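Undergrad: Once you've had a glance at the structure underneath, I'll fire off some questions.
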Amino acid sequence: MIKKTVRCPSCNNVLTFFGEPGQVIKVTCPKCSAEGKITFEKTYTSGNTAIQVSDLRKVYGELVAVDGISFSVKKGEIFAFLGPNGAGKTTTVEIIESIRTPTAGTVKIFDKDIFTSFNEIKEKIGILPQEFHSFERLTVRETLIYFSKLYKKRADVDEIIKAMDLESHKNMLYKKLSGGLKQRVGVAISLVNDPEIIFLDEPTTGLDPKARREVWQVIADLRKKGKTVFLTTHYMEEAEYLADHIAIIHKGKIIAEGSLDELIEKYGAGSTLRIKKCREIDAVDLLKEKGYNAHSEDNGDISIKIDYKDRVLEVLSNLRHECIDYESIDIRRSNLEEVFLNLTGAKLSEEE
Amino acid sequence: MNPRIIVSDFVASMKGWMRSPGTIFWAIVFPVLLILIFGAIFSGTDSTTYTLYVQDQDQSMWSHQYLAMLENISVLKVEVIPKDKNITDYIKEKDLRGALVIPEGFGSKINQSFYDTNASINLSFYYDPSDQGSTSVVRSIVGSSLQELNLGFSGGRHVVGMSQVSTITKKFKYIDFFIPGMIGFTIMQLCIYGSIERNTKFRKDGILRKLQTTPITRTDWILAKMLFMLFLSFFSTSIAIIVGILAWGIVININIWMIAIIIANSFLFSGLGMIISRFVKEEETADTAAGAISFPMMFLAGTFFPLQQMPQFLQDFARILPLYYVNEGLRNSMINMDFDKATFYTGIVVVFALAFFIVGILLTKWKED
C-alpha cells in the first residue's frame, strides 16, 4: 500500500490517499468537490533511489511551470536536469528542496516524503541555491563554520577547505573572492553537514570558462566520494562532462531522459565522418551510389552521416577499394545540442 | 528554539557588523558627532518667531495695553490663556515651554506708582529650562518690553518686574532634550536599515532560500537577529549617554521605562523594516523607502527640536509618528523623571511595537510561492 499526499489544484487543500502500485483512482476533493485522478506509480520506491519525483506539477495562475513530471535519481550518480532558462528546472529543484510548494505531486528523498519529513531530510542534504551569495563580511572559514553550526552532523570545516582547494583563501572576506571562488565556497557550504545528496542549481552560470572548469572538477570529485549530485544546468557541455544521467526539461515537461549515450543514440543526429582533402572529384557520387548519406562541404571535404561505428570501417574500406585518396579523416559525434534540436526543433542556446 | 543556532547567528552578525564601516558610522560616529555638534550649536539659539502664552488675570486697561504692546512685537505671536485656567495645570496639560502671567492688581499698582514711588509688581514668567533655545529668547523679549513699559510711565523707575517660575524643578539644558531624541533616532535607523538588509539583500543573495533548507527555523533566525538588534540598541545608547556625560555633563536616570522603551523601539522599527521590505523587494528601493519614512521623522518627531517650535499642523502630524512617543518617553524617563508620562508614552510605544512587529513577522516569508 502506498501513501500519496497531493494538493487540490482548485482550493490548495492537502489530501492523502492510499493505493497499490500501478493503481489509478478517481478522487474528489472534500472541500471544493473538484474531481481528478491519482496514479500510484509502479516504480515508487527502490533501495537504490535517492530521489523519487512523481507527477509533480506547479501552476502559477495560467502558467504551468512544471507539468506533471516524474523521474528518479539513483544514489551516487550525478543527475543533470538540463533545459533552457524558464523550462521549469529551478521551480522543480526548489520544490524538491522544499523552498516552494507544489500544486500536485509527491517528492521522496530516501523514501521519505519531503512534505512531512523535511526537517529530518534537511540533515542529509546540502544545497547551493541559484545565484547564491553568502555573507559578504565573513571570511571563507567563518562562513563554513556558521553554516556547519546549523546542523547536528558536521563535517570537518578545515577538511572541506582543503578538499575544495580554498586554503589560500580561507581568511579572505567572501565579498573579495572572484566569481569562481564564490561558487566553490557555495559548493563547500553545501558540504558542511557531510550530506548524502547535494543540490547544485546552475552552479557555473556567469563564470568564465576557466572558473567553470574548476567548479566541474569539484563536482566530479563529489561523485568519487560517493555523493549523489542533483545538478540543474542550461549548459550542454556541463551535462555532457559531468552527468551519469540526464533529464531534459522543456516547457515544464521532461522530454527525454537517460544517459548521454542513450540520449544521443535515441535522439541524436548520429555521427559524422569527415574525409578531408579528398582528391577524387566523383567521390561523393560514388559514395551516394553505395547508399551513404554523403555530401560535399564548401572546402571540398566530404561529410558522411553514419549511424553506428562499424560504418566507419565500411566507408574507409569502400574508399580504398575505389582507390580514392584523401589526407585525413575525423569523426564527430552527435551532442546534446542536436538531441535538443531534434526533440524541440530549436537550439538549446537559442532558447535561453 | 535552538540556543546553539541563535548564538551562532548572533556571533556571525556581530562579526559582519564590526567589519562594516557604514553600520559602525550609523551606530556610533553619527550620534556622537550630532551630540557634540548640536550640543555646541544650541547652547544659544535663535528663531524668527516665537509663541508667547499670556494669562491676563488683571483684565485692566493697563494689562490690555501691555498685551497690545506685546502683540506689536513682530517676532512674538501672543496666545491668550483664559483667565479661569489654573496656570500650572494648563502648562502641563498643553505641554507649554513658557507662559507669562499678568497678575491681578497689575493695573492698580501702576496707577499707585504715579504717587507712590515704592509701588511695584512682578509678572510671572513660567518656563521650561530644558527648552533653552526659544524660552531664553522669549524671556529676554518680555524683559525688554517691561523696561520699555517702565520707561513709558515712570521714566525708567522699576515698577513692573518679572519673576521667573520654572515649570520643572530641575535645571535642564538643550543637550538634555537632545540626547534622548538622538538615542531614539539612532535605534530607529539601526533597526529599520538592519531589518531591510536582512530581508532584501539576503533574499536577493539567496541566503534566505539557503537558510530555509538548513535546520535553522524562521523563529530561531528572527530571535537571533532581534537579540543582535537589542545588543546594538543598548550599545549605541551607552555610547550616547557616555558622550553626553563626558562632553556635556548631563544627568541620566536609568530606569525600567527607559529600558522598556529601548526594547520596544528596537522591535517597533525592526517590524517597520520587515513591512517595508515585504512590499519593496529591491534593496536600493527599500533603502529609499526607509529613508522617506525615517528622514521626516528625524525632524518632525521632536528629535532635534521641540515640537512647540513648529507650526500647529506639524505638531498634530508629529503625534501620529511613533518616534515622537519614543522620544517623549525617553525624555520623561531619563531626564524629566516624570514617571506618569513615561508610563503613558511607554504604553503607546509598546502598542506600536507589538503591532508593527507582529505584522512584520506575518509578512516575512521564507517560503516562495
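Residues in the C-alpha cells are numbered from 1 in each chain, the chains being A, B, ... in the order shown, and ligands are numbered from 1 in the order shown.
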I need the strand (DSSP E or B) residues of range 174-245 of chain A per DSSP on the backbone, written as a VMD selection string.

TA: chain A and resid 197 to 201 228 to 233 245

Undergrad: Write out the residues from the selection above, keeping C-alpha atoms, as a CSV table (one decimal), in the first residue's frame.

TA:
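Final output, selection.csv:
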chain,number,residue,atom,x,y,z
A,197,ILE,CA,22.7,14.4,-1.7
A,198,ILE,CA,24.0,17.7,-3.0
A,199,PHE,CA,21.7,20.0,-5.0
A,200,LEU,CA,23.6,22.5,-7.2
A,201,ASP,CA,21.3,24.9,-9.0
A,228,THR,CA,24.6,12.0,-5.1
A,229,VAL,CA,24.6,15.2,-7.1
A,230,PHE,CA,21.4,16.8,-8.5
A,231,LEU,CA,22.7,19.4,-10.9
A,232,THR,CA,20.5,21.8,-12.8
A,233,THR,CA,22.1,23.5,-15.8
A,245,HIS,CA,22.0,10.6,-16.0

Undergrad: Output as CSV one row per residue of chain B within 9 Å of chain A: the closest atom pair and its distance in Å to one decimal place, counting only C-alpha atoms, sorted by chain and residue number ascending.

TA:
residue,atom,partner,partner_atom,distance
B:Arg4,CA,A:Lys149,CA,7.6
B:Ile5,CA,A:Leu150,CA,5.7
B:Ser8,CA,A:Tyr146,CA,6.4
B:Asp9,CA,A:Tyr146,CA,7.1
B:Val11,CA,A:Tyr146,CA,8.7
B:Ala12,CA,A:Tyr146,CA,6.8
B:Lys15,CA,A:Leu138,CA,7.0
B:Gly16,CA,A:Arg137,CA,4.8
B:Trp17,CA,A:Arg137,CA,7.9
B:Met18,CA,A:Arg137,CA,8.9
B:Arg19,CA,A:Arg137,CA,6.3
B:Ser20,CA,A:Arg137,CA,7.4
B:Phe202,CA,A:Phe135,CA,8.2
B:Lys204,CA,A:Phe132,CA,8.3
B:Asp205,CA,A:His133,CA,4.8
B:Gly206,CA,A:Phe132,CA,4.8
B:Ile207,CA,A:Ser134,CA,6.3
B:Arg209,CA,A:Ile99,CA,6.7
B:Lys210,CA,A:Pro129,CA,6.3
B:Leu211,CA,A:Phe147,CA,8.6
B:Gln212,CA,A:Ile99,CA,6.9
B:Thr213,CA,A:Lys122,CA,6.1
B:Thr214,CA,A:Lys122,CA,5.7
B:Pro215,CA,A:Leu150,CA,6.0
B:Ile216,CA,A:Leu150,CA,6.1
B:Trp366,CA,A:Ile99,CA,7.9
B:Lys367,CA,A:Ile99,CA,5.3
B:Glu368,CA,A:Arg100,CA,5.1
B:Asp369,CA,A:Arg100,CA,5.8

Undergrad: Which is closer to Asp221 in chain A than all the others in A:Gly76, A:Gly88, A:Pro203, A:Gly180, using only C-alpha atoms?

TA: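 Closest residue, counting only C-alpha atoms: A:Gly76.
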
Undergrad: How far is it from CA of Asp301 in chain A to CA of Met236 in chain A, in Å with one decimal?

TA: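 Between CA of Asp301 in chain A and CA of Met236 in chain A the gap works out to 27.5 Å.
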
Undergrad: Show which residues sit within 6 Å of range 299-301 of chain B, as a count of residues only. Count only C-alpha atoms, and ignore same-chain residues fewer than 3 positions away.

TA: 4

Undergrad: With only C-alpha atoms as the atoms that count, which of B:Ala119, B:Trp62, B:Asn86, B:Tyr53 lies nearest to Arg139 in chain B?

TA: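 Residue with the minimum atom-to-atom distance to Arg139 in chain B: B:Tyr53.
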
Undergrad: Pro209 in chain A: which residues within 12 Å, counting only C-alpha atoms, same-chain residues fewer than 5 positions away excluded, as number ranges by chain?

TA: A: 179-180, 204, 214-216, 235, 237-238

Undergrad: Using only C-alpha atoms, determine which residues lie at most 9 Å from Ser270 in chain B, disregarding the query and same-chain residues fewer than 2 positions distant; provide the list as an MDAnalysis selection string.

TA: chainID B and resid 188 190:196 226 229 265:268 272:275 353 356:357 360

Undergrad: Per DSSP on the backbone, what are the alpha helix (DSSP H) residues of range 137-317 of chain B, as a ChimeraX atom specification?

TA: /B:137-154,174-196,202-204,207-212,218-248,256-279,283-300,312-317

Undergrad: I'd like the interatomic distance between CA of Asp307 in chain A and CA of Ile254 in chain A, to a tenth of an Å.

TA: 25.2 Å

Undergrad: Applying 12 Å and only C-alpha atoms, which residues near Ser154 in chain B remain after dropping the ones on its own chain fewer than 4 positions away? List them as a list in words.

TA: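 Here the qualifying residues turn out to be Ile110, Asn111, Gln112, Ser113, Phe114, Tyr115, Asp116, Thr117, Asn118, Ala119, Ser120, Leu146, Gln147, Glu148, Leu149, Asn150, His158, Val159 and Val160 of chain B.
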
Undergrad: Need to verify the contact set: Asp298 in chain A, 12 Å, only C-alpha atoms, exclusion of same-chain residues closer than 5 positions in sequence. Can you return it as a list in words?

TA: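 Counting only C-alpha atoms, the residues come to Lys276, Lys277 and Ser303 of chain A.
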
Undergrad: Report, in Å with one decimal, the straight-line distance from CA of Phe30 in chain B to CA of Val243 in chain B.

TA: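 Interatomic distance, CA of Phe30 in chain B to CA of Val243 in chain B: 12.1 Å.
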